[in-house]
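Visitor: Hey, dropping structure.pdb in here, PDB, C-alpha atoms:
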ATOM      1  CA  MET A   1       5.821  94.291  86.361
ATOM      2  CA  GLU A   2       7.830  95.907  89.133
ATOM      3  CA  GLU A   3       7.019  99.501  90.072
ATOM      4  CA  HIS A   4       9.719 101.971  89.076
ATOM      5  CA  VAL A   5      11.084 104.256  91.733
ATOM      6  CA  LEU A   6      11.699 106.973  89.139
ATOM      7  CA  VAL A   7      10.890 107.400  85.455
ATOM      8  CA  CYS A   8      11.930 110.386  83.348
ATOM      9  CA  GLU A   9      10.647 110.389  79.753
ATOM     10  CA  LYS A  10      12.159 112.879  77.286
ATOM     11  CA  VAL A  11      12.483 115.551  79.977
ATOM     12  CA  SER A  12      13.699 118.964  78.891
ATOM     13  CA  LYS A  13      14.020 122.285  80.690
ATOM     14  CA  ARG A  14      14.689 125.700  79.203
ATOM     15  CA  PHE A  15      15.384 128.929  81.008
ATOM     16  CA  GLY A  16      14.673 131.497  78.297
ATOM     17  CA  GLN A  17      16.919 130.545  75.393
ATOM     18  CA  GLN A  18      19.215 128.456  77.627
ATOM     19  CA  ILE A  19      18.666 124.690  77.449
ATOM     20  CA  ALA A  20      19.480 123.296  80.902
ATOM     21  CA  VAL A  21      18.225 119.725  80.376
ATOM     22  CA  HIS A  22      17.623 118.214  76.950
ATOM     23  CA  ASP A  23      15.561 115.116  76.229
ATOM     24  CA  VAL A  24      16.619 113.044  79.273
ATOM     25  CA  SER A  25      15.083 109.601  79.664
ATOM     26  CA  LEU A  26      15.974 107.277  82.529
ATOM     27  CA  SER A  27      14.370 104.857  84.934
ATOM     28  CA  ILE A  28      15.393 103.533  88.309
ATOM     29  CA  CYS A  29      13.982 100.271  89.646
ATOM     30  CA  PRO A  30      13.840  99.339  93.333
ATOM     31  CA  GLY A  31      17.288  98.561  94.733
ATOM     32  CA  GLU A  32      19.184 100.333  91.944
ATOM     33  CA  ILE A  33      21.757 103.048  92.465
ATOM     34  CA  TYR A  34      22.066 105.367  89.501
ATOM     35  CA  GLY A  35      24.988 107.724  88.989
ATOM     36  CA  LEU A  36      24.574 110.810  86.846
ATOM     37  CA  ALA A  37      27.843 112.302  85.623
ATOM     38  CA  GLY A  38      28.628 115.320  83.515
ATOM     39  CA  PRO A  39      30.639 118.531  83.425
ATOM     40  CA  ASN A  40      29.630 121.690  85.282
ATOM     41  CA  GLY A  41      26.546 123.186  83.677
ATOM     42  CA  ALA A  42      25.368 119.879  82.189
ATOM     43  CA  GLY A  43      22.021 120.069  84.028
ATOM     44  CA  LYS A  44      22.514 117.517  86.811
ATOM     45  CA  THR A  45      21.259 119.801  89.594
ATOM     46  CA  THR A  46      18.420 121.050  87.397
ATOM     47  CA  LEU A  47      17.362 117.446  86.787
ATOM     48  CA  ILE A  48      17.268 116.795  90.542
ATOM     49  CA  SER A  49      15.163 119.948  90.974
ATOM     50  CA  LEU A  50      12.815 118.653  88.283
ATOM     51  CA  ILE A  51      12.581 115.221  89.928
ATOM     52  CA  CYS A  52      11.674 116.882  93.243
ATOM     53  CA  GLY A  53       9.047 119.046  91.595
ATOM     54  CA  LEU A  54      10.840 122.275  92.535
ATOM     55  CA  VAL A  55      11.017 123.223  88.859
ATOM     56  CA  ARG A  56       8.560 122.276  86.125
ATOM     57  CA  PRO A  57       9.867 120.644  82.956
ATOM     58  CA  THR A  58       9.428 122.501  79.684
ATOM     59  CA  SER A  59       8.546 119.167  78.123
ATOM     60  CA  GLY A  60       8.519 115.504  79.046
ATOM     61  CA  ASN A  61       7.169 113.504  81.941
ATOM     62  CA  ILE A  62       8.551 112.647  85.391
ATOM     63  CA  ARG A  63       6.989 110.058  87.690
ATOM     64  CA  THR A  64       8.235 109.012  91.116
ATOM     65  CA  PHE A  65       6.468 105.901  92.394
ATOM     66  CA  ASN A  66       4.012 106.462  89.555
ATOM     67  CA  LEU A  67       3.062 109.853  91.025
ATOM     68  CA  HIS A  68       3.699 113.441  90.039
ATOM     69  CA  PRO A  69       6.918 114.583  91.790
ATOM     70  CA  THR A  70       5.126 116.958  94.164
ATOM     71  CA  GLN A  71       2.880 114.096  95.330
ATOM     72  CA  ALA A  72       5.871 111.918  96.231
ATOM     73  CA  LEU A  73       8.006 114.369  98.232
ATOM     74  CA  SER A  74       7.464 112.508 101.499
ATOM     75  CA  ASP A  75       9.178 109.490  99.895
ATOM     76  CA  ILE A  76      12.267 111.415  98.700
ATOM     77  CA  GLY A  77      15.421 112.236 100.676
ATOM     78  CA  VAL A  78      17.413 115.021  99.022
ATOM     79  CA  CYS A  79      20.791 116.599  99.661
ATOM     80  CA  PHE A  80      21.530 119.408  97.233
ATOM     81  CA  GLN A  81      25.020 120.572  96.339
ATOM     82  CA  THR A  82      24.822 123.200  99.078
ATOM     83  CA  PRO A  83      22.908 121.818 102.063
ATOM     84  CA  SER A  84      20.035 123.958 103.318
ATOM     85  CA  LEU A  85      20.879 124.396 106.971
ATOM     86  CA  TYR A  86      20.007 127.167 109.409
ATOM     87  CA  SER A  87      23.359 128.937 109.791
ATOM     88  CA  TYR A  88      22.488 130.665 113.077
ATOM     89  CA  LEU A  89      21.465 127.422 114.809
ATOM     90  CA  PHE A  90      23.625 124.747 116.370
ATOM     91  CA  VAL A  91      24.121 121.543 114.371
ATOM     92  CA  GLU A  92      22.089 119.579 116.925
ATOM     93  CA  LYS A  93      19.124 121.955 116.516
ATOM     94  CA  ASN A  94      19.381 121.687 112.703
ATOM     95  CA  ILE A  95      19.221 117.911 112.958
ATOM     96  CA  ARG A  96      16.248 118.016 115.330
ATOM     97  CA  LEU A  97      14.386 120.418 113.025
ATOM     98  CA  LEU A  98      15.266 118.867 109.668
ATOM     99  CA  SER A  99      15.433 115.138 110.342
ATOM    100  CA  ASN A 100      12.412 112.971 111.083
ATOM    101  CA  TYR A 101      14.818 110.498 112.709
ATOM    102  CA  PRO A 102      17.550 112.440 114.572
ATOM    103  CA  VAL A 103      19.065 109.285 116.081
ATOM    104  CA  ARG A 104      19.718 107.961 112.561
ATOM    105  CA  ALA A 105      21.252 111.328 111.588
ATOM    106  CA  TYR A 106      23.600 111.158 114.596
ATOM    107  CA  GLN A 107      24.628 107.642 113.537
ATOM    108  CA  TYR A 108      25.408 108.871 110.026
ATOM    109  CA  LEU A 109      27.424 111.796 111.427
ATOM    110  CA  GLU A 110      29.515 109.312 113.386
ATOM    111  CA  GLN A 111      30.030 107.151 110.295
ATOM    112  CA  LEU A 112      31.002 110.276 108.354
ATOM    113  CA  GLU A 113      33.697 110.813 110.999
ATOM    114  CA  LEU A 114      32.312 113.983 112.520
ATOM    115  CA  ASP A 115      33.050 114.264 116.232
ATOM    116  CA  THR A 116      30.000 114.663 118.479
ATOM    117  CA  SER A 117      31.381 118.021 119.649
ATOM    118  CA  ILE A 118      30.202 119.379 116.300
ATOM    119  CA  LEU A 119      26.622 119.148 117.590
ATOM    120  CA  LYS A 120      27.300 122.118 119.910
ATOM    121  CA  ARG A 121      28.682 124.357 117.128
ATOM    122  CA  ARG A 122      26.779 126.880 115.066
ATOM    123  CA  THR A 123      26.377 125.771 111.479
ATOM    124  CA  ALA A 124      27.735 129.121 110.205
ATOM    125  CA  ILE A 125      31.222 128.375 111.561
ATOM    126  CA  LEU A 126      31.484 124.917 109.990
ATOM    127  CA  SER A 127      33.601 124.378 106.907
ATOM    128  CA  TYR A 128      31.784 123.652 103.648
ATOM    129  CA  GLY A 129      32.808 119.988 103.921
ATOM    130  CA  GLN A 130      31.434 119.721 107.469
ATOM    131  CA  GLN A 131      28.163 121.346 106.380
ATOM    132  CA  LYS A 132      27.987 118.886 103.494
ATOM    133  CA  ARG A 133      28.409 115.946 105.877
ATOM    134  CA  VAL A 134      25.673 117.285 108.173
ATOM    135  CA  GLY A 135      23.375 117.690 105.149
ATOM    136  CA  LEU A 136      24.133 114.146 104.000
ATOM    137  CA  ALA A 137      23.460 112.740 107.467
ATOM    138  CA  ILE A 138      20.094 114.515 107.614
ATOM    139  CA  SER A 139      19.142 113.387 104.099
ATOM    140  CA  LEU A 140      20.139 109.766 104.618
ATOM    141  CA  SER A 141      18.387 109.620 107.985
ATOM    142  CA  LYS A 142      15.010 110.019 106.326
ATOM    143  CA  LEU A 143      13.130 106.769 105.793
ATOM    144  CA  ALA A 144      12.768 107.565 102.108
ATOM    145  CA  ARG A 145      12.112 105.382  99.103
ATOM    146  CA  LEU A 146      14.321 107.518  96.838
ATOM    147  CA  TYR A 147      17.502 109.341  97.809
ATOM    148  CA  LEU A 148      18.829 112.131  95.573
ATOM    149  CA  LEU A 149      22.364 113.236  96.410
ATOM    150  CA  ASP A 150      23.675 116.188  94.421
ATOM    151  CA  GLU A 151      27.468 116.288  94.375
ATOM    152  CA  PRO A 152      27.781 114.375  97.656
ATOM    153  CA  THR A 153      31.578 114.599  97.701
ATOM    154  CA  ASN A 154      31.961 118.188  96.453
ATOM    155  CA  GLY A 155      34.266 120.301  98.602
ATOM    156  CA  ASP A 156      35.289 117.482 100.924
ATOM    157  CA  LEU A 157      38.444 115.555 100.105
ATOM    158  CA  PHE A 158      37.632 112.915 102.759
ATOM    159  CA  LEU A 159      34.275 112.174 101.144
ATOM    160  CA  TYR A 160      35.796 112.188  97.666
ATOM    161  CA  LEU A 161      38.798 109.963  98.345
ATOM    162  CA  CYS A 162      37.672 107.782 101.224
ATOM    163  CA  TRP A 163      34.016 107.738 102.110
ATOM    164  CA  PHE A 164      32.189 107.716  98.818
ATOM    165  CA  PRO A 165      34.117 105.116  96.814
ATOM    166  CA  LEU A 166      34.612 102.742  99.732
ATOM    167  CA  TYR A 167      31.501 103.065 101.836
ATOM    168  CA  ALA A 168      28.703 104.832 100.004
ATOM    169  CA  VAL A 169      27.181 101.773  98.444
ATOM    170  CA  GLY A 170      27.978  99.078 100.981
ATOM    171  CA  ARG A 171      28.001 100.970 104.240
ATOM    172  CA  PHE A 172      25.678 103.939 103.751
ATOM    173  CA  LEU A 173      23.309 103.727 100.837
ATOM    174  CA  TYR A 174      22.360 100.065 101.071
ATOM    175  CA  PRO A 175      21.404 100.357 104.770
ATOM    176  CA  ALA A 176      19.541 103.579 103.941
ATOM    177  CA  LEU A 177      17.788 101.842 101.057
ATOM    178  CA  ASP A 178      16.979  98.673 102.979
ATOM    179  CA  HIS A 179      15.739 100.006 106.308
ATOM    180  CA  GLY A 180      12.774  97.657 106.415
ATOM    181  CA  THR A 181      10.007 100.195 105.887
ATOM    182  CA  TYR A 182      10.524 100.401 102.140
ATOM    183  CA  PRO A 183      12.760  97.518 101.102
ATOM    184  CA  GLY A 184      14.180  98.015  97.658
ATOM    185  CA  ALA A 185      14.207 101.795  97.478
ATOM    186  CA  GLY A 186      16.407 103.558  94.928
ATOM    187  CA  ALA A 187      19.121 106.195  94.830
ATOM    188  CA  ALA A 188      20.306 108.691  92.252
ATOM    189  CA  ILE A 189      23.715 110.267  92.714
ATOM    190  CA  CYS A 190      25.120 113.215  90.789
ATOM    191  CA  ASN A 191      28.828 113.889  90.852
TER     192      ASN A 191
END
Turn the structure described in the file into structure tokens.

Guide:
Amino acid sequence: MEEHVLVCEKVSKRFGQQIAVHDVSLSICPGEIYGLAGPNGAGKTTLISLICGLVRPTSGNIRTFNLHPTQALSDIGVCFQTPSLYSYLFVEKNIRLLSNYPVRAYQYLEQLELDTSILKRRTAILSYGQQKRVGLAISLSKLARLYLLDEPTNGDLFLYLCWFPLYAVGRFLYPALDHGTYPGAGAAICN
């Protein structure tokens, strides 16, 4: 039997009386790309936080590579809805600090049609869409076995209309998933 990249079994999360995630079960096998869709407030971002081990489920079980989520963090590349970048640093410094493979991040920036001059700009002055692209480039540059992209096209019309539908699977995610170190990794995408 093939090892699952991710398994969620009847996962629920409550915040007080508010149910954020209710009884979610899913599994991702190596090489699969899984899209999670739903309206605002449906719990997509909370589920990603649960998968990463940032939040504990109220009930249910989550396993990434048959490990507890916090034991598998080195195998997960994550880009949350709002990328976590150091606003006072230049983009180049953010990439050098946050990416294990800066050269790969620079290649993704180029493919995401960001001019190299952006490297010499402070992150604080970038538009939300530019920050999102930098966050995506950093996340995809990691040699991960599971990529979690939370609203990867949010706030960026280029990503929404052009990049994601045309290139995400064939040009970006498959090379990221099949980089040789971990052939047959998986991806979960929320949008």

Visitor: Let me make sure I understand: among A:Arg122, A:Lys13, A:Arg63, A:Arg56, which one has the smallest atom-to-atom distance to A:Lys44 if we use all atoms listed in the file?

Guide: A:Lys13

Visitor: Report as a tab-separated table (two decimals) with C-alpha atoms, in the coordinates of the input the residues that result from applying the PyMOL selection byres ((chain A and resi 147) around 6) to the structure here.

Guide:
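That gives us result.tsv:
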chain	number	residue	atom	x	y	z
A	76	ILE	CA	12.27	111.42	98.70
A	77	GLY	CA	15.42	112.24	100.68
A	78	VAL	CA	17.41	115.02	99.02
A	146	LEU	CA	14.32	107.52	96.84
A	148	LEU	CA	18.83	112.13	95.57
A	187	ALA	CA	19.12	106.20	94.83

Visitor: Using the chain letters and numbers from this file, what does the PyMOL selection byres ((chain A and resi 24) around 12) select? Give the answer as number ranges by chain.

Guide: A: 7-13, 19-23, 25-27, 36, 42-44, 46-48, 50-51, 57-62

Visitor: Measure the distance from atom CA of A:Gln81 to atom CA of A:Asp150 in Å and round it to one decimal.

Guide: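 These two atoms are separated by 5.0 Å.
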
Visitor: Between A:Ser99, A:Glu92, A:Ala137, A:Gly38, which has the minimum distance to A:Glu113 (counting only C-alpha atoms)?

Guide: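 So, comparing all the options, the nearest one is A:Ala137.
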
Visitor: Contacts of A:Glu3 at 12 Å or less, counting all atoms listed in the file, minus same-chain residues fewer than 3 places along, as a PyMOL selection string?

Guide: chain A and resi 6-7+27-31+63-67+145+184-186

Visitor: Compile the contact shell of A:Ser117 as a count of residues only: residues with an atom at most 12 Å away, counting all atoms listed in the file, same-chain residues fewer than 3 positions apart removed.

Guide: 12

Visitor: Give the answer as one residue: which of A:Ala144, A:Val134, A:Ser84, A:Val55 has the shortest atom-to-atom distance to A:Val5, using all atoms listed in the file?

Guide: A:Ala144

Visitor: Between atom CA of A:Pro102 and atom CA of A:Lys132, what is the distance, to one decimal in Å?

Guide: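 The value is 16.5 Å.
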
Visitor: Near A:Thr82, within 12 Å and counting only C-alpha atoms, which residues show up once chain neighbours fewer than 2 positions away are dropped, as a PyMOL selection string?

Guide: chain A and resi 45+78-80+84-85+127-136+149-155
